[in-house]
Amino acid sequence: MGVFDVAIEWLDTQPVVVLNDSARGRRVRIARHGACVLGIEATVGGRFVQFADGYRDAVELAARPGSRFAVLAPFANRVADARYRFDGNDHDLSPGLAGAARASRHGFVRDADFAIGALEAGERAARVSFATTIPPQPGYPFTLDLVVRYTLAVDGLTLETTLRNVGVRAAPAFAGWHPYFRVGDGALASWELAIPAACVIGTGADFIPLPGEAAYLPLAQVPALDFRQPRAIGAIELNHTYVGLQADTDGRMRARLRDPASGIGIAVWQEHGVLLAFTGDTLERDARRSLALEPMESLPDAFNRPDCAEAIRLEPGAARMFRCGVEIDTP
């Protein structure tokens with residue numbers, strides 16, 4: 001056995017892929033259902049630490065409350081009124097429904113039973129890929145192949161999503177990730193958050209971004225949402241998208257979450273796109289007990305935004321990859 005290894009375990013009847021890093025005492029568990037991370041575990045200072053606030057059992061995994069660690073495709077977060085217009089055609093993602101039932105969010109693959117690809121492990125990394133097809137459906141008459149690849153290496157966990165248009169016409173499509181993290185046993189309010197962004201997106205009460213340039217609010221104008229310098233989250237309720245993320249010298253844009261009491265933290269990184277921060281105030285279980293840091297290729301409601309049209313357009317035969325991940329910081 002090398003430094004890294006990979007195995008299959010079971011959660012009731014659900015297969016779960018386990019990526020292990022024995023040298024650093026780290027383990028990642030990923031369910032086939034939804035290609036959804038269940039745990040990101042590490043040994044820190046001789047004790048076991050669970051950084052992922054994922055689903056606890058098969059019942060939660062099937063019901064998917066809070067979309068914990070969901071892969072988001074072919075769109076992330078909300079589509080306003082579940083309607084959009086693409087290439088001159090109007091589409092309705094919730095035909096026949098009215099009112100609150102029309103809500104459409106987080107894409108179509110949260111309930112997909114992905115095919116598990118090759119399991120690979122060696123001295124440098126352990127990895128697994130999951131694959132599914134997004135078929136034509138009400139409001140989305142396009143066909144996409146989706147491959148989700150997880151790699152556990154020395155620098156942490158990397159997620160790669162590749163969307164390929166296997167249909168005959170262009171499609172609107174982009175990806176995101178919906179992880180929830182804990183960095184300590186204390187209250188979320190005491191954890192320090194840092195997001196190196198230029199702007200935050202202004203929204204209406206429905207969390208849909210404001211039209212056009214009005215959506216882009218410089219953080220100097222909204223100091224309560226300004227986390228460019230690390231500071232405690234406090235009592236603020238976050239459900240906000242940050243844009244204009246500044247990259248470090250290695251090209252990764254990092255948002256950091258740290259427990260000052262222990263010095264333990266994580267960094268969520270991405271190579272492009274935007275980041276949504278959510279304090280989980282509306283979660284059915286353990287509200288405000290973890291923080292969602294959601295890397296996304298584009299904005300919520302991108303299907304309806306002219307300023308996102310070019311970024312989300314995927315021509316027939318074309319593919320686009322989105323890479324993000326999480327690093328563990330220890331004292």
# chains A, B, ... in the order shown; residues from 1 in each chain; ligands from 1
>>> residues_around(residues="Trp269 in chain A", least_positions_apart="5", cutoff="10 Å", atoms="only C-alpha atoms", output="CSV table (one decimal) with C-alpha atoms, in the first residue's frame")
chain,number,residue,atom,x,y,z
A,158,THR,CA,-9.5,19.0,-5.6
A,247,ALA,CA,-5.7,35.3,-7.0
A,248,ASP,CA,-2.6,34.3,-5.0
A,251,GLY,CA,-3.3,31.4,-9.5
A,252,ARG,CA,-5.7,30.1,-6.9
A,253,MET,CA,-8.3,32.4,-5.4
A,254,ARG,CA,-8.7,31.5,-1.7
A,255,ALA,CA,-11.4,32.2,0.8
A,256,ARG,CA,-10.2,31.3,4.3
A,275,LEU,CA,-18.0,32.6,-4.4
A,293,LEU,CA,-18.4,28.5,0.9
A,294,GLU,CA,-19.6,27.8,-2.6
A,295,PRO,CA,-17.3,28.2,-5.6
A,323,ARG,CA,-11.6,23.4,-10.8
A,324,CYS,CA,-11.9,24.2,-7.1
A,325,GLY,CA,-11.0,22.5,-3.8
A,326,VAL,CA,-10.2,22.8,-0.1
A,327,GLU,CA,-6.9,23.0,1.7
>>> residues_around(residues="range 44-46 of chain A", least_positions_apart="2", cutoff="12 Å", atoms="only C-alpha atoms", output="ChimeraX atom specification")
/A:24-26,41-42,48-51,183-184,262-265,328-331
>>> write_last_selection(atoms="all heavy atoms", output="compact mmCIF listing (two decimals), in the first residue's frame")
# COMPACT_ATOMS: atom_id res chain seq x y z
N ARG A 24 -0.66 11.76 6.21
CA ARG A 24 -1.15 12.96 6.90
C ARG A 24 -2.42 12.69 7.70
O ARG A 24 -3.00 13.61 8.26
CB ARG A 24 -1.38 14.08 5.87
CG ARG A 24 -0.10 14.84 5.49
CD ARG A 24 -0.16 15.43 4.11
NE ARG A 24 -0.04 14.38 3.11
CZ ARG A 24 1.13 13.89 2.69
NH1 ARG A 24 2.26 14.38 3.16
NH2 ARG A 24 1.18 12.92 1.79
N GLY A 25 -2.86 11.44 7.73
CA GLY A 25 -4.03 11.09 8.51
C GLY A 25 -5.31 11.75 8.01
O GLY A 25 -6.13 12.22 8.79
N ARG A 26 -5.49 11.77 6.66
CA ARG A 26 -6.65 12.45 6.08
C ARG A 26 -7.49 11.45 5.29
O ARG A 26 -6.96 10.52 4.67
CB ARG A 26 -6.21 13.60 5.18
CG ARG A 26 -5.48 14.69 5.95
CD ARG A 26 -4.98 15.80 5.05
NE ARG A 26 -4.31 16.84 5.83
CZ ARG A 26 -3.74 17.91 5.31
NH1 ARG A 26 -3.75 18.09 4.00
NH2 ARG A 26 -3.15 18.80 6.08
N GLU A 41 -11.97 14.41 6.65
CA GLU A 41 -11.49 14.16 8.01
C GLU A 41 -9.98 14.23 8.05
O GLU A 41 -9.30 13.89 7.09
CB GLU A 41 -11.97 12.77 8.45
CG GLU A 41 -13.48 12.60 8.33
CD GLU A 41 -13.90 11.15 8.11
OE1 GLU A 41 -13.02 10.27 8.16
OE2 GLU A 41 -15.10 10.90 7.88
N ALA A 42 -9.46 14.68 9.19
CA ALA A 42 -8.01 14.77 9.36
C ALA A 42 -7.65 14.57 10.82
O ALA A 42 -8.45 14.84 11.72
CB ALA A 42 -7.50 16.13 8.88
N PHE A 48 -8.91 13.56 16.10
CA PHE A 48 -9.69 13.47 14.88
C PHE A 48 -10.54 14.72 14.70
O PHE A 48 -11.22 15.16 15.62
CB PHE A 48 -10.59 12.23 14.96
CG PHE A 48 -11.59 12.10 13.86
CD1 PHE A 48 -11.23 11.53 12.66
CD2 PHE A 48 -12.88 12.54 14.02
CE1 PHE A 48 -12.16 11.39 11.64
CE2 PHE A 48 -13.81 12.41 13.02
CZ PHE A 48 -13.45 11.82 11.82
N VAL A 49 -10.48 15.33 13.51
CA VAL A 49 -11.26 16.53 13.21
C VAL A 49 -12.07 16.28 11.93
O VAL A 49 -11.53 15.83 10.93
CB VAL A 49 -10.35 17.77 13.03
CG1 VAL A 49 -11.18 18.99 12.65
CG2 VAL A 49 -9.54 18.04 14.28
N GLN A 50 -13.37 16.57 12.00
CA GLN A 50 -14.25 16.49 10.84
C GLN A 50 -14.51 17.91 10.33
O GLN A 50 -15.10 18.73 11.02
CB GLN A 50 -15.57 15.82 11.23
CG GLN A 50 -16.62 15.79 10.12
CD GLN A 50 -16.20 14.99 8.91
OE1 GLN A 50 -15.69 15.56 7.93
NE2 GLN A 50 -16.37 13.68 8.99
N PHE A 51 -14.03 18.20 9.13
CA PHE A 51 -14.17 19.53 8.56
C PHE A 51 -15.45 19.70 7.74
O PHE A 51 -15.89 20.82 7.51
CB PHE A 51 -12.96 19.86 7.68
CG PHE A 51 -11.69 20.09 8.46
CD1 PHE A 51 -10.83 19.03 8.72
CD2 PHE A 51 -11.36 21.34 8.94
CE1 PHE A 51 -9.66 19.23 9.44
CE2 PHE A 51 -10.20 21.56 9.66
CZ PHE A 51 -9.35 20.49 9.92
N VAL A 183 -14.81 24.42 11.42
CA VAL A 183 -13.40 24.49 11.79
C VAL A 183 -13.21 24.42 13.30
O VAL A 183 -12.09 24.59 13.79
CB VAL A 183 -12.72 25.75 11.22
CG1 VAL A 183 -12.60 25.65 9.70
CG2 VAL A 183 -13.46 27.02 11.61
N GLY A 184 -14.28 24.19 14.05
CA GLY A 184 -14.17 24.10 15.49
C GLY A 184 -15.51 23.72 16.10
O GLY A 184 -16.55 23.72 15.43
N SER A 262 -8.29 27.53 18.17
CA SER A 262 -7.42 26.37 17.94
C SER A 262 -6.36 26.63 16.88
O SER A 262 -5.37 25.90 16.80
CB SER A 262 -8.26 25.17 17.51
OG SER A 262 -8.87 25.42 16.25
N GLY A 263 -6.57 27.65 16.04
CA GLY A 263 -5.68 27.91 14.93
C GLY A 263 -5.94 27.03 13.72
O GLY A 263 -5.26 27.13 12.70
N ILE A 264 -6.94 26.17 13.81
CA ILE A 264 -7.28 25.27 12.70
C ILE A 264 -8.15 26.01 11.69
O ILE A 264 -9.04 26.79 12.07
CB ILE A 264 -8.02 24.02 13.22
CG1 ILE A 264 -7.09 23.19 14.11
CG2 ILE A 264 -8.57 23.18 12.08
CD1 ILE A 264 -7.77 22.04 14.79
N GLY A 265 -7.90 25.77 10.41
CA GLY A 265 -8.71 26.42 9.40
C GLY A 265 -8.68 25.68 8.09
O GLY A 265 -8.01 24.65 7.93
N ILE A 328 -6.41 22.23 3.96
CA ILE A 328 -6.51 22.24 5.43
C ILE A 328 -5.31 22.96 6.01
O ILE A 328 -4.16 22.65 5.67
CB ILE A 328 -6.60 20.80 5.99
CG1 ILE A 328 -7.90 20.13 5.51
CG2 ILE A 328 -6.53 20.81 7.51
CD1 ILE A 328 -7.99 18.67 5.86
N ASP A 329 -5.58 23.96 6.85
CA ASP A 329 -4.52 24.73 7.51
C ASP A 329 -4.48 24.32 8.99
O ASP A 329 -5.50 24.37 9.68
CB ASP A 329 -4.79 26.23 7.41
CG ASP A 329 -4.76 26.72 5.98
OD1 ASP A 329 -3.99 26.16 5.18
OD2 ASP A 329 -5.51 27.66 5.66
N THR A 330 -3.32 23.93 9.49
CA THR A 330 -3.17 23.55 10.89
C THR A 330 -2.04 24.34 11.52
O THR A 330 -1.12 24.79 10.82
CB THR A 330 -2.90 22.05 11.02
OG1 THR A 330 -1.72 21.71 10.28
CG2 THR A 330 -4.07 21.23 10.48
N PRO A 331 -2.07 24.52 12.84
CA PRO A 331 -1.01 25.27 13.52
C PRO A 331 0.36 24.62 13.34
O PRO A 331 0.48 23.42 13.20
CB PRO A 331 -1.44 25.23 14.99
CG PRO A 331 -2.90 24.91 14.97
CD PRO A 331 -3.12 24.06 13.77
>>> residues_around(residues="Val6 in chain A", least_positions_apart="5", cutoff="9 Å", atoms="only C-alpha atoms", output="list of chain:residue names")
A:Val17, A:Val18, A:Leu19, A:Asn20, A:Leu119, A:Glu120, A:Ala121, A:Ala126, A:Arg127, A:Val128
>>> closest_atom_pairs(of="range 88-118 of chain A", to="range 296-307 of chain A", cutoff="12 Å", atoms="only C-alpha atoms", output="CSV")
residue,atom,partner,partner_atom,distance
A:Asp90,CA,A:Asn304,CA,10.7
A:His91,CA,A:Phe303,CA,10.4
A:Asp92,CA,A:Phe303,CA,11.8
A:Leu93,CA,A:Phe303,CA,11.7
A:Ala103,CA,A:Asp301,CA,11.7
A:Ser104,CA,A:Asp301,CA,10.0
A:Arg105,CA,A:Pro300,CA,8.9
A:His106,CA,A:Pro300,CA,9.4
A:Gly107,CA,A:Pro300,CA,11.2
>>> write_last_selection(atoms="all heavy atoms", output="mmCIF file, in the first residue's frame")
data_model
loop_
_atom_site.group_PDB
_atom_site.id
_atom_site.type_symbol
_atom_site.label_atom_id
_atom_site.label_comp_id
_atom_site.auth_asym_id
_atom_site.auth_seq_id
_atom_site.Cartn_x
_atom_site.Cartn_y
_atom_site.Cartn_z
ATOM 1 N N ASP A 90 -37.965 30.843 -25.212
ATOM 2 C CA ASP A 90 -38.308 30.914 -23.799
ATOM 3 C C ASP A 90 -38.413 29.510 -23.213
ATOM 4 O O ASP A 90 -38.965 28.595 -23.841
ATOM 5 C CB ASP A 90 -39.637 31.652 -23.610
ATOM 6 C CG ASP A 90 -39.538 33.124 -23.985
ATOM 7 O OD1 ASP A 90 -38.504 33.735 -23.662
ATOM 8 O OD2 ASP A 90 -40.480 33.647 -24.605
ATOM 9 N N HIS A 91 -37.906 29.364 -21.979
ATOM 10 C CA HIS A 91 -37.913 28.061 -21.318
ATOM 11 C C HIS A 91 -38.481 28.205 -19.910
ATOM 12 O O HIS A 91 -38.207 29.190 -19.215
ATOM 13 C CB HIS A 91 -36.497 27.494 -21.242
ATOM 14 C CG HIS A 91 -35.859 27.299 -22.576
ATOM 15 N ND1 HIS A 91 -36.135 26.235 -23.388
ATOM 16 C CD2 HIS A 91 -34.955 28.060 -23.253
ATOM 17 C CE1 HIS A 91 -35.431 26.324 -24.507
ATOM 18 N NE2 HIS A 91 -34.705 27.420 -24.451
ATOM 19 N N ASP A 92 -39.244 27.205 -19.470
ATOM 20 C CA ASP A 92 -39.869 27.178 -18.155
ATOM 21 C C ASP A 92 -39.443 25.889 -17.458
ATOM 22 O O ASP A 92 -39.815 24.791 -17.874
ATOM 23 C CB ASP A 92 -41.395 27.237 -18.303
ATOM 24 C CG ASP A 92 -42.117 27.322 -16.966
ATOM 25 O OD1 ASP A 92 -41.465 27.150 -15.922
ATOM 26 O OD2 ASP A 92 -43.345 27.543 -16.980
ATOM 27 N N LEU A 93 -38.651 26.014 -16.393
ATOM 28 C CA LEU A 93 -38.150 24.856 -15.658
ATOM 29 C C LEU A 93 -39.187 24.246 -14.730
ATOM 30 O O LEU A 93 -38.978 23.146 -14.209
ATOM 31 C CB LEU A 93 -36.910 25.248 -14.850
ATOM 32 C CG LEU A 93 -35.687 25.663 -15.677
ATOM 33 C CD1 LEU A 93 -34.658 26.359 -14.789
ATOM 34 C CD2 LEU A 93 -35.064 24.454 -16.358
ATOM 35 N N ALA A 103 -39.852 27.572 -7.541
ATOM 36 C CA ALA A 103 -38.430 27.738 -7.253
ATOM 37 C C ALA A 103 -37.605 26.690 -7.983
ATOM 38 O O ALA A 103 -37.928 25.506 -7.974
ATOM 39 C CB ALA A 103 -38.183 27.641 -5.750
ATOM 40 N N SER A 104 -36.543 27.142 -8.645
ATOM 41 C CA SER A 104 -35.629 26.226 -9.326
ATOM 42 C C SER A 104 -34.216 26.596 -8.922
ATOM 43 O O SER A 104 -33.793 27.735 -9.108
ATOM 44 C CB SER A 104 -35.805 26.322 -10.844
ATOM 45 O OG SER A 104 -34.989 25.387 -11.499
ATOM 46 N N ARG A 105 -33.497 25.635 -8.358
ATOM 47 C CA ARG A 105 -32.152 25.951 -7.889
ATOM 48 C C ARG A 105 -31.262 24.712 -7.915
ATOM 49 O O ARG A 105 -31.722 23.585 -7.860
ATOM 50 C CB ARG A 105 -32.198 26.543 -6.480
ATOM 51 C CG ARG A 105 -32.747 25.603 -5.413
ATOM 52 C CD ARG A 105 -32.865 26.276 -4.068
ATOM 53 N NE ARG A 105 -33.915 27.294 -4.072
ATOM 54 C CZ ARG A 105 -34.267 27.989 -3.000
ATOM 55 N NH1 ARG A 105 -33.641 27.818 -1.851
ATOM 56 N NH2 ARG A 105 -35.237 28.879 -3.055
ATOM 57 N N HIS A 106 -29.990 24.975 -8.023
ATOM 58 C CA HIS A 106 -28.939 23.977 -7.814
ATOM 59 C C HIS A 106 -28.865 22.896 -8.888
ATOM 60 O O HIS A 106 -28.203 21.873 -8.682
ATOM 61 C CB HIS A 106 -29.075 23.331 -6.438
ATOM 62 C CG HIS A 106 -28.968 24.307 -5.298
ATOM 63 N ND1 HIS A 106 -28.228 25.471 -5.386
ATOM 64 C CD2 HIS A 106 -29.521 24.308 -4.050
ATOM 65 C CE1 HIS A 106 -28.322 26.130 -4.241
ATOM 66 N NE2 HIS A 106 -29.101 25.461 -3.426
ATOM 67 N N GLY A 107 -29.511 23.080 -10.023
ATOM 68 C CA GLY A 107 -29.322 22.142 -11.123
ATOM 69 C C GLY A 107 -30.089 20.847 -10.976
ATOM 70 O O GLY A 107 -31.043 20.753 -10.209
#
>>> closest_residue(among="A:Cys308, A:Cys199, A:Ala153, A:Leu210", to="Leu225 in chain A", atoms="only C-alpha atoms")
A:Cys199
>>> residues_around(residues="Asp206 in chain A", least_positions_apart="5", cutoff="10 Å", atoms="only C-alpha atoms", output="MDAnalysis selection string")
chainID A and resid 78 80:81 103
>>> select_by_dssp(residues="range 84-289 of chain A", states="strand (DSSP E or B)", output="PyMOL selection string")
chain A and resi 84-86+89-92+104-105+107+113+115-121+125-134+137+140+144-153+156-165+171-172+176-178+180-181+192-194+199-201+203+209+216-218+231-232+239-243+247+253-258+265-270+274-278
